[in-house]
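**Q** One structure, as structure tokens, below. Some questions next.
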Amino acid sequence: MTQVRPTPAASASLWERDEELAAVEGALDALCADNSSSGSLLVLRGEAGLGKTALLAETRRIAETRGCTVWSARGSETLSEVPFNVVRQLLQPALLSLMPEEAREYLGDWYDIAGPALGITEPGDRQADPQGVCDGLVAAVRRLARRDWPLVLLIDDAHWADQETLRWLAAFAEHVVGEQNVLVVVARRPGETSNGDSARHLDSVAAAGSSVATLSALTPDATTGLTRATLGVHADAPFCREVWAVTGGNPYETVELLAKVQDSEFEPTESAAAELRALNRAARGGGLVARLETLGIESTRFAWAAAILGTGISVDLVAELATMNLDEAVRCAAKLRTARILTESDPAGVQPDDGDLQFVHPLIATAVYNSIPDALRTAMHGIAARVVTDNGHGAAVAARHLLEVHPDDDEELVEQLREAAREHLAVGAPDAARRCLERALLEPPLPAVHARVLHELGCATLLTAPARTIDHLQAALAMPGLDGDERVDAVYRLSQALLHNDQLEEAVRTVEAEAARHPAGPARLRLQAVQFMWEGIHAGETTSPGRSTRLAELARTCTGRDNPERALLILRGFDAMARGENAEEVVEVCDRALVNGRLAPGLGWTDPEWGIELPMMLASAYAYTDRLDRAEALYNEALRAYESAGWSGGHLSLAHAYVGLGLRRRGSLREAEASLRKSLALAERVGRRLPLHWSATCNLVDTLLARGHVQEAWDIADQYGFAPPYPSTIVLPDPRSVRGRLLLAVGRTKDGINELEAAEKAAEARGHHNPVLAPWAVDLTRVLASEDPERAARLATEVRRNAERLGTDTAIGEALRCAAALETGQRAVRLAEQAVAYLEASPCQYEHAAARVEYGIAARSATELRRGMTLAQACGADGLVLQAEAALALR
């Protein structure tokens, strides 16, 4: 249907856009109605020139007339690989308008995490977690939206936005509708993005949108109306039809063509219609380039330099890049504005810019950039890198130009790219760091530096592409250049990548071979510790012969004087705990690994030298030897460390999982469930079937079973794939034992027995006899009590023997509960009473509550049942409460 002509204030490109403008009006009505109302996300899709930018400009005009705060940004084809480019455009002006202390107050704990990515504060020395930075940016916009309500965010050409911005936008989009009182309008071309991650993020944005509009070309009637509105009512019908035929109804091309007709001063009649095609060719592509050339070589050079810069196009910078004096540059800028190639940057416009100029349309910018001869374009990028560096911008800003320079054995360029990579890593942009280092390799680096660049590249891709990391680090280690601690670190990183790539045996062999190259000393000791660590977390059914003996012998000489010795002590303590050795001795070994009761510098939760595995092993060794206070202190320290550092990916997921494990052992089941659900939500973002996902799921299922929420536990297991095959790394507690208990709870007895017997086989192969860590025997004993009492009795005896060897109140109390379940009469009562006595001294209050209820049932004691029920209620063990209530009702 032909739409009415828009208001005089509206752009000509808004013809036939009434439906889209109505959606904008409605969204602004909802936004401005109340500061607690829901936000909106509008997505405008359309090919180049269909009026997306004009719609955003009109959205700004309408919003500002209603008193809204409007922030805006635009993607650029030549800047699509500059990390955080678009989100900086969007947020940086508002943040820089604040005093530093005000910005810190608004962003709170996220200031040091998101601030470097936004360019408002200097980054730290360590690699930032990309997920944490993304979460920090989401939090930043949430907080600023509350301050600047009603707030409108406009993002143009989102298909050319950098991947880091799109990651933030996809994450923020999830929270706009229904949660955030902000209007977000995103304009993009369909099918323009070839990068898989970027396309996925854009699809997520569209899926979250409350409205998605696909713009179409103008109809012939609208083109006629626009032509007559521009040239006069005397424009005849054949001329108007030819305008539509030439432009295909593309609003941008129509407006540009009509401007050329006005400049040419010929009459809009049928006799002049033949001239339209030539005029249209001059307005775009090769025609635009030819028109640019008619302005003179100086103006052409100026336009080329502006296209090379892409953003921050100031006359003085362009003059320096184009090697012309300032007066000449000012004249060229004026010519290009008159020719509708460049326009003045308007702080109130849709593209904020720290320069004086911007291209009239992205199509023009692309055409000008592509018109630069290849060799000259490459040379100009090299000059641009120097110009932006000389003007106070860092290596990361210059890097986008250096990436375009041809390789030329330039040692300085290699160092600039390495520095840029470090800057990118420090703000949470590992993909940008990877591109810099890959380009540095093409230069190529000097032989003395080549291995270091490969090493740095391997570290940059460790979390995102382990297979690629393996190739880089193996190449680095095969050439000279890495020595001493640097080489040891590369071997460690390589073994980490092999582990992440499910090549654990090769990881062990790699570390073992490197250790053999070193004489006795700290380096060799570190490598031996890494080898023992990877072997220790392997969940397979075979283990290195004599491993525990060798580890015990090596650790026996360690006093904890340095971190390699402390690492070996932790590994020894964890291995002894898993094997069920005496708990007091386990704790004594673990304590020797601490410095004044705390993790030593270099072994902390965020220290890269050793990673997360060692402190997790230490805390878990305490958790399963009844030293829950020490375990929980370490788990909570990990949580605080990752939250303050902005690490919200896998590390934070594991921290929440282990905090949940500590709460589950303590008997705080409600709190454990809450923490584990947080862990699982974070793990879902990282990916399924990974060890951290198993940790979250296994502990959540175990906690729900303890709470008596059997169906919910089953649903979680089904939803998140808690079933064989199990991961190659160990998970605490033993997942086979937990799944076996789950199967028994839902009535699949035969399957449950099979799973528990598989757990028995795996534990036996690994030598893991801690009955609390791998509680398969307790559940298997109970289920076999009626159908195979002799085997059940043997298992109960074995559980008791292993528990007494470990020597903790929890293990002995659980063994006595198991034994009581096989007995009747007074013997059952005596064993149940003994179980209560041990578990009352244990820090594990859920098990204490269960023992109280079982003792009350066996002794027919209402007092004990009520005490057990009170404990169960405090724990959140709803199923245990129901069991006690039922027993009391029978009395």
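Please note that chains go A, B, ... in the order of the structure tokens, that every chain numbers its residues from 1, and that ligands are numbered from 1 in the order shown.
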Run DSSP on the backbone and tell me which residues of stretch 721-825 of chain A come out as helix (DSSP H, G or I); list them as number ranges by chain.
**A** A: 735-745, 749-766, 776-784, 789-806, 809-821, 825
**Q** I'd like the contact shell of stretch 92-102 of chain A - 9 Å cut-off, only C-alpha atoms, skipping same-chain residues fewer than 6 positions apart - returned as a list of chain:residue names.
**A** A:Trp71, A:Leu118, A:Gly119, A:Ile120, A:Thr121, A:Leu144, A:Pro352
**Q** For the residues in that selection, give me all heavy atoms as a PDB file, in the first residue's frame.
**A**
ATOM      1  N   TRP A  71      22.497   7.438  22.813  1.00  0.00           N
ATOM      2  CA  TRP A  71      23.887   7.097  22.492  1.00  0.00           C
ATOM      3  C   TRP A  71      23.874   6.283  21.210  1.00  0.00           C
ATOM      4  O   TRP A  71      22.975   5.471  20.989  1.00  0.00           O
ATOM      5  CB  TRP A  71      24.536   6.268  23.608  1.00  0.00           C
ATOM      6  CG  TRP A  71      24.585   6.973  24.920  1.00  0.00           C
ATOM      7  CD1 TRP A  71      24.468   8.309  25.157  1.00  0.00           C
ATOM      8  CD2 TRP A  71      24.751   6.363  26.207  1.00  0.00           C
ATOM      9  NE1 TRP A  71      24.563   8.587  26.494  1.00  0.00           N
ATOM     10  CE2 TRP A  71      24.737   7.405  27.164  1.00  0.00           C
ATOM     11  CE3 TRP A  71      24.925   5.062  26.646  1.00  0.00           C
ATOM     12  CZ2 TRP A  71      24.878   7.167  28.529  1.00  0.00           C
ATOM     13  CZ3 TRP A  71      25.071   4.819  27.998  1.00  0.00           C
ATOM     14  CH2 TRP A  71      25.048   5.862  28.933  1.00  0.00           C
ATOM     15  N   LEU A 118      36.745  -0.467  27.441  1.00  0.00           N
ATOM     16  CA  LEU A 118      36.096   0.774  27.011  1.00  0.00           C
ATOM     17  C   LEU A 118      37.088   1.903  26.794  1.00  0.00           C
ATOM     18  O   LEU A 118      36.706   2.976  26.319  1.00  0.00           O
ATOM     19  CB  LEU A 118      35.051   1.187  28.054  1.00  0.00           C
ATOM     20  CG  LEU A 118      33.825   0.290  28.149  1.00  0.00           C
ATOM     21  CD1 LEU A 118      32.995   0.653  29.364  1.00  0.00           C
ATOM     22  CD2 LEU A 118      32.991   0.398  26.881  1.00  0.00           C
ATOM     23  N   GLY A 119      38.340   1.676  27.157  1.00  0.00           N
ATOM     24  CA  GLY A 119      39.355   2.697  26.944  1.00  0.00           C
ATOM     25  C   GLY A 119      39.310   3.830  27.941  1.00  0.00           C
ATOM     26  O   GLY A 119      39.834   4.922  27.671  1.00  0.00           O
ATOM     27  N   ILE A 120      38.705   3.615  29.122  1.00  0.00           N
ATOM     28  CA  ILE A 120      38.635   4.685  30.121  1.00  0.00           C
ATOM     29  C   ILE A 120      39.620   4.469  31.260  1.00  0.00           C
ATOM     30  O   ILE A 120      39.731   5.312  32.150  1.00  0.00           O
ATOM     31  CB  ILE A 120      37.209   4.841  30.684  1.00  0.00           C
ATOM     32  CG1 ILE A 120      36.757   3.563  31.401  1.00  0.00           C
ATOM     33  CG2 ILE A 120      36.236   5.218  29.578  1.00  0.00           C
ATOM     34  CD1 ILE A 120      35.457   3.710  32.164  1.00  0.00           C
ATOM     35  N   THR A 121      40.314   3.331  31.263  1.00  0.00           N
ATOM     36  CA  THR A 121      41.346   3.092  32.272  1.00  0.00           C
ATOM     37  C   THR A 121      42.375   2.145  31.691  1.00  0.00           C
ATOM     38  O   THR A 121      42.102   1.410  30.733  1.00  0.00           O
ATOM     39  CB  THR A 121      40.739   2.496  33.564  1.00  0.00           C
ATOM     40  OG1 THR A 121      41.753   2.405  34.562  1.00  0.00           O
ATOM     41  CG2 THR A 121      40.170   1.106  33.326  1.00  0.00           C
ATOM     42  N   LEU A 144      24.359   2.344  33.859  1.00  0.00           N
ATOM     43  CA  LEU A 144      24.246   3.648  33.220  1.00  0.00           C
ATOM     44  C   LEU A 144      22.815   3.903  32.741  1.00  0.00           C
ATOM     45  O   LEU A 144      22.353   5.046  32.705  1.00  0.00           O
ATOM     46  CB  LEU A 144      25.219   3.734  32.048  1.00  0.00           C
ATOM     47  CG  LEU A 144      26.706   3.780  32.456  1.00  0.00           C
ATOM     48  CD1 LEU A 144      27.591   3.577  31.239  1.00  0.00           C
ATOM     49  CD2 LEU A 144      27.035   5.096  33.142  1.00  0.00           C
ATOM     50  N   PRO A 352      28.843   8.956  16.462  1.00  0.00           N
ATOM     51  CA  PRO A 352      29.792   9.774  17.204  1.00  0.00           C
ATOM     52  C   PRO A 352      31.195   9.522  16.692  1.00  0.00           C
ATOM     53  O   PRO A 352      31.532   8.420  16.294  1.00  0.00           O
ATOM     54  CB  PRO A 352      29.622   9.288  18.644  1.00  0.00           C
ATOM     55  CG  PRO A 352      29.066   7.924  18.525  1.00  0.00           C
ATOM     56  CD  PRO A 352      28.264   7.895  17.267  1.00  0.00           C
TER      57      PRO A 352
END
**Q** Would you kindly return, as JSON, numbers by chain, each protein, DNA or RNA residue with an atom no farther than 9 Å from any atom of A:Glu864, considering only C-alpha atoms and excluding same-chain residues fewer than 6 positions away?
**A** {"A": [852, 853, 854, 855, 856, 857]}
**Q** Quick one: everything within 8 Å of A:Leu732, counting only C-alpha atoms, minus sequence neighbours fewer than 2 positions away in the same chain. Send it as a short mmCIF file (atom, residue, chain, number, x, y, z; two decimals) with N, CA and C atoms, in the first residue's frame.
**A**
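Printed below is around.cif as written:
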data_model
loop_
_atom_site.label_atom_id
_atom_site.label_comp_id
_atom_site.auth_asym_id
_atom_site.auth_seq_id
_atom_site.Cartn_x
_atom_site.Cartn_y
_atom_site.Cartn_z
N SER A 695 31.24 -31.30 36.66
CA SER A 695 31.32 -30.97 38.08
C SER A 695 30.04 -30.32 38.56
N CYS A 698 27.03 -33.05 38.27
CA CYS A 698 27.16 -34.15 39.22
C CYS A 698 26.83 -33.69 40.64
N ASN A 699 27.38 -32.56 41.03
CA ASN A 699 27.14 -32.07 42.38
C ASN A 699 25.70 -31.61 42.58
N ILE A 730 38.95 -36.64 36.33
CA ILE A 730 38.13 -37.02 37.48
C ILE A 730 37.17 -35.90 37.85
N ASP A 734 32.51 -38.96 42.85
CA ASP A 734 32.54 -39.91 41.74
C ASP A 734 31.20 -39.92 41.01
N PRO A 735 31.16 -39.56 39.70
CA PRO A 735 29.88 -39.47 39.00
C PRO A 735 29.16 -40.81 38.84
N LEU A 773 34.56 -40.16 49.17
CA LEU A 773 34.78 -39.64 47.82
C LEU A 773 34.05 -40.48 46.77
#
**Q** Which residues in stretch 200-446 of chain A does DSSP call strand (DSSP E)? List them as a short mmCIF file (atom, residue, chain, number, x, y, z; two decimals) with N, CA, C and O atoms, in the first residue's frame.
**A**
data_model
loop_
_atom_site.label_atom_id
_atom_site.label_comp_id
_atom_site.auth_asym_id
_atom_site.auth_seq_id
_atom_site.Cartn_x
_atom_site.Cartn_y
_atom_site.Cartn_z
N SER A 211 10.91 -6.68 18.03
CA SER A 211 10.40 -6.37 16.70
C SER A 211 11.55 -6.46 15.71
O SER A 211 12.63 -5.93 15.96
N VAL A 212 11.33 -7.16 14.60
CA VAL A 212 12.34 -7.27 13.55
C VAL A 212 11.67 -6.86 12.24
O VAL A 212 10.71 -7.49 11.80
N ALA A 213 12.15 -5.77 11.64
CA ALA A 213 11.58 -5.26 10.40
C ALA A 213 12.57 -5.44 9.26
O ALA A 213 13.75 -5.12 9.40
N THR A 214 12.09 -5.96 8.14
CA THR A 214 12.91 -6.10 6.95
C THR A 214 12.48 -5.04 5.95
O THR A 214 11.33 -5.04 5.49
N LEU A 342 32.24 13.51 1.73
CA LEU A 342 32.45 13.63 3.17
C LEU A 342 31.44 14.61 3.75
O LEU A 342 30.89 15.44 3.02
N THR A 343 31.21 14.50 5.04
CA THR A 343 30.34 15.43 5.74
C THR A 343 30.93 15.68 7.11
O THR A 343 31.79 14.91 7.58
N GLU A 344 30.52 16.74 7.74
CA GLU A 344 31.03 17.04 9.07
C GLU A 344 30.48 16.05 10.08
O GLU A 344 29.31 15.67 10.02
N LEU A 357 35.40 14.80 10.45
CA LEU A 357 34.70 14.38 9.23
C LEU A 357 34.29 12.93 9.30
O LEU A 357 34.86 12.13 10.05
N GLN A 358 33.30 12.59 8.45
CA GLN A 358 32.94 11.20 8.24
C GLN A 358 32.39 11.09 6.82
O GLN A 358 32.00 12.09 6.22
N PHE A 359 32.38 9.88 6.27
CA PHE A 359 31.82 9.70 4.94
C PHE A 359 30.31 9.82 5.00
O PHE A 359 29.67 9.43 5.98
#
**Q** Could you check the closest approach to A:Glu514 for each of A:Gly484, A:His175, A:Met533, A:Ala555 and tell me which residue wins, using only C-alpha atoms?
**A**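 Of the candidates, the smallest distance to A:Glu514 is held by A:Gly484.
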**Q** Which residues come within 10 Å of A:Ser216, counting only C-alpha atoms, excluding same-chain residues fewer than 6 positions away, as a ChimeraX atom specification?
**A** /A:16-17,45-47,50-51,249-251
**Q** Each residue of stretch 64-99 of chain A lying at most 12 Å from stretch 367-380 of chain A should get a row with its shortest atom-to-atom pair and the distance in Å to one decimal, counting only C-alpha atoms; could you produce that, ordered by chain and increasing number, as a tab-separated table?
**A**
residue	atom	partner	partner_atom	distance
A:Ser76	CA	A:Tyr369	CA	11.7
A:Glu77	CA	A:Tyr369	CA	10.0
A:Thr78	CA	A:Tyr369	CA	8.6
**Q** Which of these residues is nearest to A:Glu105, using only C-alpha atoms: A:Ala140, A:Ala339, A:Thr549, A:Leu90?
**A**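 The closest residue to A:Glu105 is A:Ala140.
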**Q** Rounded to one decimal, what separation in Å do you get between atom CA of A:Leu498 and atom CA of A:Pro480?
**A**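 Straight-line distance from atom CA of A:Leu498 to atom CA of A:Pro480 works out to 21.9 Å.
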**Q** Using only C-alpha atoms, which of A:Thr269, A:Ser644, A:Thr223, A:Thr165 sits nearest A:Leu79?
**A**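 Ranking A:Thr269, A:Ser644, A:Thr223, A:Thr165 by distance to A:Leu79, first place goes to A:Thr165.
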**Q** Rank nothing, just name the residue among A:Ala706, A:Met616, A:Val141, A:Leu317 nearest to A:Ala171, using only C-alpha atoms.
**A** A:Val141
**Q** Please provide as an MDAnalysis selection string all residues within 7 Å of A:Ala307, with the sequence filter that same-chain residues fewer than 2 positions apart are discarded (counting only C-alpha atoms).
**A** chainID A and resid 303:305 309:310 365 368:369
**Q** Give me, as JSON, numbers by chain, all polymer residues having an atom no more than 10 Å from A:Leu21, counting only C-alpha atoms and skipping those fewer than 2 positions away in the same chain.
**A** {"A": [14, 16, 17, 18, 19, 23, 24, 25, 26, 27, 55, 56, 58, 59, 62]}
**Q** Pick out the closest residue to A:Ala645 from this set: A:Glu632, A:Asp135, A:Glu64, A:Glu179. Count only C-alpha atoms.
**A** A:Asp135
